[in-house]
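Trainee: Just dropping this structure here.
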Number of protein chains: 2
Amino acid sequence: MKLTELKAIQLAELFSALSDASRVRIIALLLEGEMGVGSLAEKLNMTESAVSHQLRGLRQMHLVRARKIGRRVFYSLDDDHVARLFSLGLDHIQHG
Amino acid sequence: MKLTELKAIQLAELFSALSDASRVRIIALLLEGEMGVGSLAEKLNMTESAVSHQLRGLRQMHLVRARKIGRRVFYSLDDDHVARLFSLGLDHIQHG
DNA sequence: TGAATAGTTGAGCAAGTGTTCATATATTAG
DNA sequence: CTAATATATGAACACTTGCTCAACTATTCA
């Protein structure tokens with residue numbers, strides 16, 4: 001494996017985006033479909049501010065995308081890599 | 001996706017293990033085969049101490065395993081999940 | 001228009017992380 | 001035995017991160 005320093009940094013940033021339990025739980029909820037910030041906050045028992053801060057990071061890493069309708073913003077997973085990373089990660093921690 | 005808080009934490013810990021460029025580069029080198037701490041340090045241009053500290057975390061997450069021969073310790077990837085997470089991550093950052 | 005609602009943003013701070021440096025352990029050589 | 005080699009470890013410190021709180025924007029409702 002030959003890996004440029006740039007790609008090492010980008011890979012680390014990608015995994016960083018999934019390296020927090022709150023963000024993991026956000027992803028898990030979005031696996032079921034799109035959801036607004038308030039609903040996420042309620043289900044996660046977090047403030048909307050905290051959720052919004054986390055969504056910002058996920059957006060910047062292109063893991064989620066936002067769709068604005070009126071004053072609501074619905075978030076959903078950006079592409080299927082996210083779900084696959086998620087399920088591969090689950091495999092790893094479940095097995096042994 | 002129903003996800004217990006425990007599993008969310010464990011997933012986050014797994015991705016945390018890959019959330020640093022030094023560790024990503026260690027993994028990339030180990031994809032080619034096992035390697036000692038000194039060789040890793042040389043190729044990564046890091047001190048042996050820093051590499052050893054990082055390897056400890058990777059060991060604890062079961063991403064690498066150690067094989068001791070004399071006073072040398074050879075590290076290798078623990079299972080294939082690591083390589084798959086790595087290549088899936090590369091897909092994500094490369095595509096767009 | 002003004003009040004309420006949904007979400008975003010920046011500052012501030014406590015907690016966590018990665019490195020360096022010094023020291024410690026384990027193994028081998030002489 | 002002592003000295004050298006390979007790695008591990010703990011403390012310290014700078015840097016980063018995720019939260020709260022307050023203020024802000026944008027939109028809808030009355």
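Note on naming: chains are A, B, ... as they come in the structure tokens, residues start from 1 per chain, ligands start from 1 in the order shown.
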Once chain B has been least-squares superposed onto chain A, matching all their Cα atoms in order, can you return it as a PDB file with N, CA and C atoms, in the first residue's frame?

Mentor:
```pdb
ATOM      1  N   MET B   1       0.831  -1.243  -0.125  1.00  0.00           N
ATOM      2  CA  MET B   1       0.002  -0.026  -0.083  1.00  0.00           C
ATOM      3  C   MET B   1       0.876   1.232  -0.060  1.00  0.00           C
ATOM      4  N   LYS B   2       0.862   1.957  -1.142  1.00  0.00           N
ATOM      5  CA  LYS B   2       1.543   3.247  -1.178  1.00  0.00           C
ATOM      6  C   LYS B   2       0.485   4.302  -0.898  1.00  0.00           C
ATOM      7  N   LEU B   3       0.791   5.192   0.029  1.00  0.00           N
ATOM      8  CA  LEU B   3      -0.228   6.141   0.471  1.00  0.00           C
ATOM      9  C   LEU B   3       0.416   7.505   0.644  1.00  0.00           C
ATOM     10  N   THR B   4      -0.065   8.484  -0.092  1.00  0.00           N
ATOM     11  CA  THR B   4       0.476   9.834   0.081  1.00  0.00           C
ATOM     12  C   THR B   4       0.064  10.383   1.436  1.00  0.00           C
ATOM     13  N   GLU B   5       0.830  11.358   1.907  1.00  0.00           N
ATOM     14  CA  GLU B   5       0.503  11.978   3.189  1.00  0.00           C
ATOM     15  C   GLU B   5      -0.880  12.630   3.120  1.00  0.00           C
ATOM     16  N   LEU B   6      -1.194  13.224   1.973  1.00  0.00           N
ATOM     17  CA  LEU B   6      -2.503  13.869   1.816  1.00  0.00           C
ATOM     18  C   LEU B   6      -3.634  12.868   2.013  1.00  0.00           C
ATOM     19  N   LYS B   7      -3.480  11.697   1.371  1.00  0.00           N
ATOM     20  CA  LYS B   7      -4.557  10.708   1.490  1.00  0.00           C
ATOM     21  C   LYS B   7      -4.641  10.136   2.888  1.00  0.00           C
ATOM     22  N   ALA B   8      -3.501  10.003   3.543  1.00  0.00           N
ATOM     23  CA  ALA B   8      -3.516   9.542   4.933  1.00  0.00           C
ATOM     24  C   ALA B   8      -4.320  10.522   5.779  1.00  0.00           C
ATOM     25  N   ILE B   9      -4.102  11.804   5.544  1.00  0.00           N
ATOM     26  CA  ILE B   9      -4.834  12.822   6.307  1.00  0.00           C
ATOM     27  C   ILE B   9      -6.327  12.769   5.988  1.00  0.00           C
ATOM     28  N   GLN B  10      -6.637  12.626   4.705  1.00  0.00           N
ATOM     29  CA  GLN B  10      -8.050  12.581   4.318  1.00  0.00           C
ATOM     30  C   GLN B  10      -8.753  11.354   4.888  1.00  0.00           C
ATOM     31  N   LEU B  11      -8.062  10.219   4.864  1.00  0.00           N
ATOM     32  CA  LEU B  11      -8.635   9.007   5.460  1.00  0.00           C
ATOM     33  C   LEU B  11      -8.870   9.214   6.946  1.00  0.00           C
ATOM     34  N   ALA B  12      -7.875   9.785   7.619  1.00  0.00           N
ATOM     35  CA  ALA B  12      -8.008  10.027   9.053  1.00  0.00           C
ATOM     36  C   ALA B  12      -9.197  10.951   9.320  1.00  0.00           C
ATOM     37  N   GLU B  13      -9.374  11.948   8.477  1.00  0.00           N
ATOM     38  CA  GLU B  13     -10.496  12.877   8.660  1.00  0.00           C
ATOM     39  C   GLU B  13     -11.827  12.165   8.472  1.00  0.00           C
ATOM     40  N   LEU B  14     -11.855  11.281   7.492  1.00  0.00           N
ATOM     41  CA  LEU B  14     -13.089  10.518   7.268  1.00  0.00           C
ATOM     42  C   LEU B  14     -13.439   9.691   8.501  1.00  0.00           C
ATOM     43  N   PHE B  15     -12.454   8.942   9.005  1.00  0.00           N
ATOM     44  CA  PHE B  15     -12.727   8.096  10.170  1.00  0.00           C
ATOM     45  C   PHE B  15     -12.983   8.951  11.416  1.00  0.00           C
ATOM     46  N   SER B  16     -12.369  10.116  11.472  1.00  0.00           N
ATOM     47  CA  SER B  16     -12.642  11.021  12.592  1.00  0.00           C
ATOM     48  C   SER B  16     -14.120  11.392  12.649  1.00  0.00           C
ATOM     49  N   ALA B  17     -14.698  11.530  11.463  1.00  0.00           N
ATOM     50  CA  ALA B  17     -16.109  11.913  11.416  1.00  0.00           C
ATOM     51  C   ALA B  17     -16.988  10.856  12.074  1.00  0.00           C
ATOM     52  N   LEU B  18     -16.496   9.629  12.143  1.00  0.00           N
ATOM     53  CA  LEU B  18     -17.268   8.538  12.749  1.00  0.00           C
ATOM     54  C   LEU B  18     -16.719   8.158  14.121  1.00  0.00           C
ATOM     55  N   SER B  19     -15.854   8.992  14.660  1.00  0.00           N
ATOM     56  CA  SER B  19     -15.122   8.595  15.862  1.00  0.00           C
ATOM     57  C   SER B  19     -15.745   9.124  17.156  1.00  0.00           C
ATOM     58  N   ASP B  20     -17.004   9.453  17.098  1.00  0.00           N
ATOM     59  CA  ASP B  20     -17.682   9.950  18.296  1.00  0.00           C
ATOM     60  C   ASP B  20     -19.045   9.277  18.400  1.00  0.00           C
ATOM     61  N   ALA B  21     -19.412   8.861  19.615  1.00  0.00           N
ATOM     62  CA  ALA B  21     -20.643   8.093  19.815  1.00  0.00           C
ATOM     63  C   ALA B  21     -21.881   8.884  19.381  1.00  0.00           C
ATOM     64  N   SER B  22     -21.886  10.188  19.605  1.00  0.00           N
ATOM     65  CA  SER B  22     -23.038  10.993  19.181  1.00  0.00           C
ATOM     66  C   SER B  22     -23.203  10.939  17.672  1.00  0.00           C
ATOM     67  N   ARG B  23     -22.085  11.077  16.962  1.00  0.00           N
ATOM     68  CA  ARG B  23     -22.170  11.052  15.499  1.00  0.00           C
ATOM     69  C   ARG B  23     -22.550   9.668  15.001  1.00  0.00           C
ATOM     70  N   VAL B  24     -22.022   8.638  15.645  1.00  0.00           N
ATOM     71  CA  VAL B  24     -22.388   7.268  15.261  1.00  0.00           C
ATOM     72  C   VAL B  24     -23.893   7.069  15.418  1.00  0.00           C
ATOM     73  N   ARG B  25     -24.447   7.594  16.512  1.00  0.00           N
ATOM     74  CA  ARG B  25     -25.886   7.427  16.728  1.00  0.00           C
ATOM     75  C   ARG B  25     -26.705   8.247  15.735  1.00  0.00           C
ATOM     76  N   ILE B  26     -26.173   9.390  15.344  1.00  0.00           N
ATOM     77  CA  ILE B  26     -26.843  10.180  14.304  1.00  0.00           C
ATOM     78  C   ILE B  26     -26.897   9.375  13.011  1.00  0.00           C
ATOM     79  N   ILE B  27     -25.751   8.804  12.627  1.00  0.00           N
ATOM     80  CA  ILE B  27     -25.692   7.990  11.414  1.00  0.00           C
ATOM     81  C   ILE B  27     -26.680   6.825  11.509  1.00  0.00           C
ATOM     82  N   ALA B  28     -26.705   6.174  12.667  1.00  0.00           N
ATOM     83  CA  ALA B  28     -27.596   5.029  12.844  1.00  0.00           C
ATOM     84  C   ALA B  28     -29.052   5.438  12.621  1.00  0.00           C
ATOM     85  N   LEU B  29     -29.441   6.602  13.130  1.00  0.00           N
ATOM     86  CA  LEU B  29     -30.818   7.065  12.934  1.00  0.00           C
ATOM     87  C   LEU B  29     -31.076   7.379  11.460  1.00  0.00           C
ATOM     88  N   LEU B  30     -30.095   7.973  10.807  1.00  0.00           N
ATOM     89  CA  LEU B  30     -30.281   8.366   9.407  1.00  0.00           C
ATOM     90  C   LEU B  30     -30.292   7.165   8.470  1.00  0.00           C
ATOM     91  N   LEU B  31     -29.801   6.032   8.959  1.00  0.00           N
ATOM     92  CA  LEU B  31     -29.881   4.806   8.148  1.00  0.00           C
ATOM     93  C   LEU B  31     -31.344   4.434   7.878  1.00  0.00           C
ATOM     94  N   GLU B  32     -32.236   4.888   8.762  1.00  0.00           N
ATOM     95  CA  GLU B  32     -33.667   4.582   8.599  1.00  0.00           C
ATOM     96  C   GLU B  32     -34.367   5.556   7.680  1.00  0.00           C
ATOM     97  N   GLY B  33     -33.693   6.657   7.356  1.00  0.00           N
ATOM     98  CA  GLY B  33     -34.314   7.652   6.490  1.00  0.00           C
ATOM     99  C   GLY B  33     -33.995   9.060   6.970  1.00  0.00           C
ATOM    100  N   GLU B  34     -34.419  10.041   6.187  1.00  0.00           N
ATOM    101  CA  GLU B  34     -34.047  11.405   6.538  1.00  0.00           C
ATOM    102  C   GLU B  34     -34.792  11.880   7.776  1.00  0.00           C
ATOM    103  N   MET B  35     -34.195  12.846   8.465  1.00  0.00           N
ATOM    104  CA  MET B  35     -34.751  13.310   9.724  1.00  0.00           C
ATOM    105  C   MET B  35     -34.303  14.744   9.984  1.00  0.00           C
ATOM    106  N   GLY B  36     -35.165  15.527  10.636  1.00  0.00           N
ATOM    107  CA  GLY B  36     -34.842  16.912  10.970  1.00  0.00           C
ATOM    108  C   GLY B  36     -33.989  17.002  12.217  1.00  0.00           C
ATOM    109  N   VAL B  37     -33.407  18.156  12.422  1.00  0.00           N
ATOM    110  CA  VAL B  37     -32.497  18.367  13.545  1.00  0.00           C
ATOM    111  C   VAL B  37     -33.211  18.161  14.881  1.00  0.00           C
ATOM    112  N   GLY B  38     -34.427  18.686  14.993  1.00  0.00           N
ATOM    113  CA  GLY B  38     -35.179  18.579  16.239  1.00  0.00           C
ATOM    114  C   GLY B  38     -35.497  17.138  16.592  1.00  0.00           C
ATOM    115  N   SER B  39     -35.908  16.351  15.584  1.00  0.00           N
ATOM    116  CA  SER B  39     -36.235  14.942  15.831  1.00  0.00           C
ATOM    117  C   SER B  39     -34.996  14.178  16.266  1.00  0.00           C
ATOM    118  N   LEU B  40     -33.888  14.444  15.584  1.00  0.00           N
ATOM    119  CA  LEU B  40     -32.630  13.805  15.965  1.00  0.00           C
ATOM    120  C   LEU B  40     -32.295  14.150  17.414  1.00  0.00           C
ATOM    121  N   ALA B  41     -32.396  15.427  17.740  1.00  0.00           N
ATOM    122  CA  ALA B  41     -32.053  15.889  19.082  1.00  0.00           C
ATOM    123  C   ALA B  41     -32.905  15.181  20.130  1.00  0.00           C
ATOM    124  N   GLU B  42     -34.190  15.040  19.819  1.00  0.00           N
ATOM    125  CA  GLU B  42     -35.104  14.413  20.773  1.00  0.00           C
ATOM    126  C   GLU B  42     -34.717  12.951  20.974  1.00  0.00           C
ATOM    127  N   LYS B  43     -34.550  12.227  19.870  1.00  0.00           N
ATOM    128  CA  LYS B  43     -34.228  10.798  19.975  1.00  0.00           C
ATOM    129  C   LYS B  43     -32.873  10.563  20.628  1.00  0.00           C
ATOM    130  N   LEU B  44     -31.951  11.494  20.436  1.00  0.00           N
ATOM    131  CA  LEU B  44     -30.599  11.306  20.970  1.00  0.00           C
ATOM    132  C   LEU B  44     -30.459  11.890  22.367  1.00  0.00           C
ATOM    133  N   ASN B  45     -31.503  12.598  22.798  1.00  0.00           N
ATOM    134  CA  ASN B  45     -31.432  13.259  24.097  1.00  0.00           C
ATOM    135  C   ASN B  45     -30.239  14.239  24.157  1.00  0.00           C
ATOM    136  N   MET B  46     -30.147  15.006  23.097  1.00  0.00           N
ATOM    137  CA  MET B  46     -29.118  16.039  23.018  1.00  0.00           C
ATOM    138  C   MET B  46     -29.812  17.364  22.686  1.00  0.00           C
ATOM    139  N   THR B  47     -29.121  18.472  22.933  1.00  0.00           N
ATOM    140  CA  THR B  47     -29.686  19.756  22.529  1.00  0.00           C
ATOM    141  C   THR B  47     -29.622  19.871  21.009  1.00  0.00           C
ATOM    142  N   GLU B  48     -30.503  20.711  20.454  1.00  0.00           N
ATOM    143  CA  GLU B  48     -30.474  20.913  18.999  1.00  0.00           C
ATOM    144  C   GLU B  48     -29.145  21.526  18.590  1.00  0.00           C
ATOM    145  N   SER B  49     -28.623  22.358  19.448  1.00  0.00           N
ATOM    146  CA  SER B  49     -27.346  23.005  19.144  1.00  0.00           C
ATOM    147  C   SER B  49     -26.233  21.973  18.985  1.00  0.00           C
ATOM    148  N   ALA B  50     -26.153  21.063  19.935  1.00  0.00           N
ATOM    149  CA  ALA B  50     -25.105  20.042  19.873  1.00  0.00           C
ATOM    150  C   ALA B  50     -25.256  19.196  18.616  1.00  0.00           C
ATOM    151  N   VAL B  51     -26.511  18.825  18.302  1.00  0.00           N
ATOM    152  CA  VAL B  51     -26.747  18.018  17.104  1.00  0.00           C
ATOM    153  C   VAL B  51     -26.355  18.804  15.856  1.00  0.00           C
ATOM    154  N   SER B  52     -26.722  20.061  15.827  1.00  0.00           N
ATOM    155  CA  SER B  52     -26.419  20.898  14.678  1.00  0.00           C
ATOM    156  C   SER B  52     -24.909  21.018  14.462  1.00  0.00           C
ATOM    157  N   HIS B  53     -24.190  21.191  15.562  1.00  0.00           N
ATOM    158  CA  HIS B  53     -22.729  21.246  15.465  1.00  0.00           C
ATOM    159  C   HIS B  53     -22.180  19.960  14.865  1.00  0.00           C
ATOM    160  N   GLN B  54     -22.657  18.826  15.314  1.00  0.00           N
ATOM    161  CA  GLN B  54     -22.161  17.544  14.814  1.00  0.00           C
ATOM    162  C   GLN B  54     -22.536  17.343  13.351  1.00  0.00           C
ATOM    163  N   LEU B  55     -23.760  17.754  12.999  1.00  0.00           N
ATOM    164  CA  LEU B  55     -24.193  17.598  11.608  1.00  0.00           C
ATOM    165  C   LEU B  55     -23.309  18.424  10.675  1.00  0.00           C
ATOM    166  N   ARG B  56     -22.845  19.531  11.170  1.00  0.00           N
ATOM    167  CA  ARG B  56     -21.964  20.367  10.356  1.00  0.00           C
ATOM    168  C   ARG B  56     -20.710  19.590   9.949  1.00  0.00           C
ATOM    169  N   GLY B  57     -20.113  18.921  10.929  1.00  0.00           N
ATOM    170  CA  GLY B  57     -18.923  18.128  10.629  1.00  0.00           C
ATOM    171  C   GLY B  57     -19.220  17.000   9.661  1.00  0.00           C
ATOM    172  N   LEU B  58     -20.340  16.346   9.865  1.00  0.00           N
ATOM    173  CA  LEU B  58     -20.709  15.241   8.983  1.00  0.00           C
ATOM    174  C   LEU B  58     -20.979  15.739   7.561  1.00  0.00           C
ATOM    175  N   ARG B  59     -21.561  16.936   7.470  1.00  0.00           N
ATOM    176  CA  ARG B  59     -21.810  17.535   6.163  1.00  0.00           C
ATOM    177  C   ARG B  59     -20.489  17.835   5.459  1.00  0.00           C
ATOM    178  N   GLN B  60     -19.559  18.414   6.215  1.00  0.00           N
ATOM    179  CA  GLN B  60     -18.275  18.782   5.621  1.00  0.00           C
ATOM    180  C   GLN B  60     -17.513  17.573   5.108  1.00  0.00           C
ATOM    181  N   MET B  61     -17.701  16.424   5.748  1.00  0.00           N
ATOM    182  CA  MET B  61     -17.046  15.200   5.293  1.00  0.00           C
ATOM    183  C   MET B  61     -17.884  14.476   4.236  1.00  0.00           C
ATOM    184  N   HIS B  62     -18.983  15.100   3.802  1.00  0.00           N
ATOM    185  CA  HIS B  62     -19.867  14.503   2.802  1.00  0.00           C
ATOM    186  C   HIS B  62     -20.444  13.168   3.249  1.00  0.00           C
ATOM    187  N   LEU B  63     -20.692  13.050   4.541  1.00  0.00           N
ATOM    188  CA  LEU B  63     -21.310  11.822   5.030  1.00  0.00           C
ATOM    189  C   LEU B  63     -22.818  11.991   5.103  1.00  0.00           C
ATOM    190  N   VAL B  64     -23.288  13.211   5.298  1.00  0.00           N
ATOM    191  CA  VAL B  64     -24.725  13.492   5.262  1.00  0.00           C
ATOM    192  C   VAL B  64     -24.967  14.678   4.341  1.00  0.00           C
ATOM    193  N   ARG B  65     -26.202  14.763   3.867  1.00  0.00           N
ATOM    194  CA  ARG B  65     -26.576  15.937   3.083  1.00  0.00           C
ATOM    195  C   ARG B  65     -27.834  16.549   3.687  1.00  0.00           C
ATOM    196  N   ALA B  66     -27.995  17.847   3.466  1.00  0.00           N
ATOM    197  CA  ALA B  66     -29.116  18.585   4.034  1.00  0.00           C
ATOM    198  C   ALA B  66     -30.089  18.992   2.935  1.00  0.00           C
ATOM    199  N   ARG B  67     -31.389  18.946   3.274  1.00  0.00           N
ATOM    200  CA  ARG B  67     -32.433  19.371   2.341  1.00  0.00           C
ATOM    201  C   ARG B  67     -33.341  20.304   3.124  1.00  0.00           C
ATOM    202  N   LYS B  68     -33.398  21.517   2.719  1.00  0.00           N
ATOM    203  CA  LYS B  68     -34.142  22.501   3.494  1.00  0.00           C
ATOM    204  C   LYS B  68     -35.554  22.656   2.948  1.00  0.00           C
ATOM    205  N   ILE B  69     -36.520  22.581   3.845  1.00  0.00           N
ATOM    206  CA  ILE B  69     -37.922  22.785   3.473  1.00  0.00           C
ATOM    207  C   ILE B  69     -38.513  23.750   4.483  1.00  0.00           C
ATOM    208  N   GLY B  70     -38.804  24.944   4.027  1.00  0.00           N
ATOM    209  CA  GLY B  70     -39.281  25.969   4.964  1.00  0.00           C
ATOM    210  C   GLY B  70     -38.195  26.236   5.967  1.00  0.00           C
ATOM    211  N   ARG B  71     -38.571  26.204   7.241  1.00  0.00           N
ATOM    212  CA  ARG B  71     -37.531  26.463   8.247  1.00  0.00           C
ATOM    213  C   ARG B  71     -36.950  25.173   8.781  1.00  0.00           C
ATOM    214  N   ARG B  72     -37.369  24.052   8.221  1.00  0.00           N
ATOM    215  CA  ARG B  72     -36.839  22.780   8.673  1.00  0.00           C
ATOM    216  C   ARG B  72     -35.706  22.325   7.757  1.00  0.00           C
ATOM    217  N   VAL B  73     -34.784  21.565   8.311  1.00  0.00           N
ATOM    218  CA  VAL B  73     -33.686  21.010   7.514  1.00  0.00           C
ATOM    219  C   VAL B  73     -33.642  19.511   7.751  1.00  0.00           C
ATOM    220  N   PHE B  74     -33.857  18.771   6.678  1.00  0.00           N
ATOM    221  CA  PHE B  74     -33.855  17.318   6.776  1.00  0.00           C
ATOM    222  C   PHE B  74     -32.500  16.780   6.360  1.00  0.00           C
ATOM    223  N   TYR B  75     -31.964  15.926   7.198  1.00  0.00           N
ATOM    224  CA  TYR B  75     -30.658  15.341   6.909  1.00  0.00           C
ATOM    225  C   TYR B  75     -30.815  13.884   6.499  1.00  0.00           C
ATOM    226  N   SER B  76     -29.944  13.467   5.576  1.00  0.00           N
ATOM    227  CA  SER B  76     -29.920  12.052   5.175  1.00  0.00           C
ATOM    228  C   SER B  76     -28.481  11.667   4.856  1.00  0.00           C
ATOM    229  N   LEU B  77     -28.244  10.358   4.756  1.00  0.00           N
ATOM    230  CA  LEU B  77     -26.894   9.891   4.440  1.00  0.00           C
ATOM    231  C   LEU B  77     -26.544  10.310   3.020  1.00  0.00           C
ATOM    232  N   ASP B  78     -25.308  10.709   2.827  1.00  0.00           N
ATOM    233  CA  ASP B  78     -24.914  11.265   1.532  1.00  0.00           C
ATOM    234  C   ASP B  78     -24.711  10.185   0.476  1.00  0.00           C
ATOM    235  N   ASP B  79     -24.048   9.105   0.834  1.00  0.00           N
ATOM    236  CA  ASP B  79     -23.883   8.015  -0.135  1.00  0.00           C
ATOM    237  C   ASP B  79     -23.795   6.684   0.597  1.00  0.00           C
ATOM    238  N   ASP B  80     -23.628   5.607  -0.159  1.00  0.00           N
ATOM    239  CA  ASP B  80     -23.705   4.279   0.459  1.00  0.00           C
ATOM    240  C   ASP B  80     -22.413   3.864   1.158  1.00  0.00           C
ATOM    241  N   HIS B  81     -21.315   4.604   0.911  1.00  0.00           N
ATOM    242  CA  HIS B  81     -20.086   4.269   1.629  1.00  0.00           C
ATOM    243  C   HIS B  81     -20.315   4.312   3.136  1.00  0.00           C
ATOM    244  N   VAL B  82     -21.084   5.298   3.552  1.00  0.00           N
ATOM    245  CA  VAL B  82     -21.319   5.494   4.974  1.00  0.00           C
ATOM    246  C   VAL B  82     -21.939   4.243   5.593  1.00  0.00           C
ATOM    247  N   ALA B  83     -23.003   3.769   4.960  1.00  0.00           N
ATOM    248  CA  ALA B  83     -23.695   2.585   5.486  1.00  0.00           C
ATOM    249  C   ALA B  83     -22.767   1.375   5.483  1.00  0.00           C
ATOM    250  N   ARG B  84     -21.932   1.277   4.457  1.00  0.00           N
ATOM    251  CA  ARG B  84     -21.043   0.119   4.376  1.00  0.00           C
ATOM    252  C   ARG B  84     -19.945   0.191   5.425  1.00  0.00           C
ATOM    253  N   LEU B  85     -19.388   1.377   5.626  1.00  0.00           N
ATOM    254  CA  LEU B  85     -18.394   1.545   6.689  1.00  0.00           C
ATOM    255  C   LEU B  85     -19.021   1.184   8.030  1.00  0.00           C
ATOM    256  N   PHE B  86     -20.234   1.655   8.218  1.00  0.00           N
ATOM    257  CA  PHE B  86     -20.953   1.413   9.456  1.00  0.00           C
ATOM    258  C   PHE B  86     -21.128  -0.088   9.703  1.00  0.00           C
ATOM    259  N   SER B  87     -21.579  -0.801   8.694  1.00  0.00           N
ATOM    260  CA  SER B  87     -21.879  -2.223   8.916  1.00  0.00           C
ATOM    261  C   SER B  87     -20.599  -3.046   9.018  1.00  0.00           C
ATOM    262  N   LEU B  88     -19.562  -2.617   8.308  1.00  0.00           N
ATOM    263  CA  LEU B  88     -18.271  -3.288   8.436  1.00  0.00           C
ATOM    264  C   LEU B  88     -17.712  -3.081   9.845  1.00  0.00           C
ATOM    265  N   GLY B  89     -17.893  -1.879  10.359  1.00  0.00           N
ATOM    266  CA  GLY B  89     -17.472  -1.581  11.726  1.00  0.00           C
ATOM    267  C   GLY B  89     -18.220  -2.453  12.724  1.00  0.00           C
ATOM    268  N   LEU B  90     -19.507  -2.591  12.520  1.00  0.00           N
ATOM    269  CA  LEU B  90     -20.312  -3.445  13.405  1.00  0.00           C
ATOM    270  C   LEU B  90     -19.792  -4.883  13.380  1.00  0.00           C
ATOM    271  N   ASP B  91     -19.519  -5.380  12.179  1.00  0.00           N
ATOM    272  CA  ASP B  91     -18.937  -6.724  12.048  1.00  0.00           C
ATOM    273  C   ASP B  91     -17.729  -6.877  12.959  1.00  0.00           C
ATOM    274  N   HIS B  92     -16.859  -5.880  12.890  1.00  0.00           N
ATOM    275  CA  HIS B  92     -15.610  -5.979  13.636  1.00  0.00           C
ATOM    276  C   HIS B  92     -15.839  -6.050  15.140  1.00  0.00           C
ATOM    277  N   ILE B  93     -16.719  -5.189  15.646  1.00  0.00           N
ATOM    278  CA  ILE B  93     -16.893  -5.158  17.102  1.00  0.00           C
ATOM    279  C   ILE B  93     -17.740  -6.320  17.591  1.00  0.00           C
ATOM    280  N   GLN B  94     -18.569  -6.894  16.707  1.00  0.00           N
ATOM    281  CA  GLN B  94     -19.451  -7.959  17.155  1.00  0.00           C
ATOM    282  C   GLN B  94     -18.759  -9.299  17.248  1.00  0.00           C
ATOM    283  N   HIS B  95     -18.109  -9.655  16.186  1.00  0.00           N
ATOM    284  CA  HIS B  95     -17.439 -10.935  16.056  1.00  0.00           C
ATOM    285  C   HIS B  95     -16.596 -11.304  17.293  1.00  0.00           C
ATOM    286  N   GLY B  96     -15.442 -10.572  17.400  1.00  0.00           N
ATOM    287  CA  GLY B  96     -14.480 -10.899  18.456  1.00  0.00           C
ATOM    288  C   GLY B  96     -13.127 -10.393  18.140  1.00  0.00           C
TER     289      GLY B  96
END
```

Trainee: Could you please select, counting only C-alpha atoms (C1' of nucleotides), the residues of chain D within 10 Å of chain B and state them as a list in words?

Mentor: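 Every residue meeting the condition is included here: DT5, DA6, DT7, DA8 and DT9 of chain D.
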
Trainee: Please report as a list in words which residues of chain C come no farther than 10 Å from chain B, using only C-alpha atoms (C1' of nucleotides).

Mentor: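 Here they are: DT17, DG18, DT19, DT20, DC21, DA26, DT27 and DT28 of chain C.
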
Trainee: Could you pull out the strand (DSSP E or B) residues of chain A, going by DSSP on the backbone, and write them as a PyMOL selection string?

Mentor: chain A and resi 35-36+64-69+72-77

Trainee: Determine which residues of chain A DSSP labels as alpha helix (DSSP H) from the backbone of this structure, then write them out as a VMD selection string.

Mentor: chain A and resid 5 to 17 21 to 30 37 to 44 48 to 60 80 to 95

Trainee: As an exercise, work out the distance from atom C1' of D:DA23 to atom C1' of C:DG16 in Å and give it to one decimal place.

Mentor: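 Atom C1' of D:DA23 sits 28.2 Å away from atom C1' of C:DG16.
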
Trainee: Quick one, how far is atom C1' of C:DA24 from atom C1' of D:DG10?

Mentor: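 Going from atom C1' of C:DA24 over to atom C1' of D:DG10, I get 9.9 Å.
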
Trainee: With a distance cut-off of 12 Å and only C-alpha atoms (C1' of nucleotides), select the neighbouring residues of C:DC13, excluding the residue or stretch itself and same-chain residues fewer than 4 positions from it, and output the selection as a list in words.

Mentor: DT17, DG18, DC19, DT20 and DC21 of chain D

Trainee: Fewer than 2 positions away in the same chain doesn't count, so skip those; otherwise give me all residues within 10 Å of C:DA4, counting only C-alpha atoms (C1' of nucleotides), as a PyMOL selection string.

Mentor: (chain C and resi 2) or (chain D and resi 28-29)

Trainee: Measure the distance from atom C1' of C:DA15 to atom C1' of D:DA22 in Å and round it to one decimal.

Mentor: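 If I compute the distance from atom C1' of C:DA15 to atom C1' of D:DA22, I get 22.2 Å.
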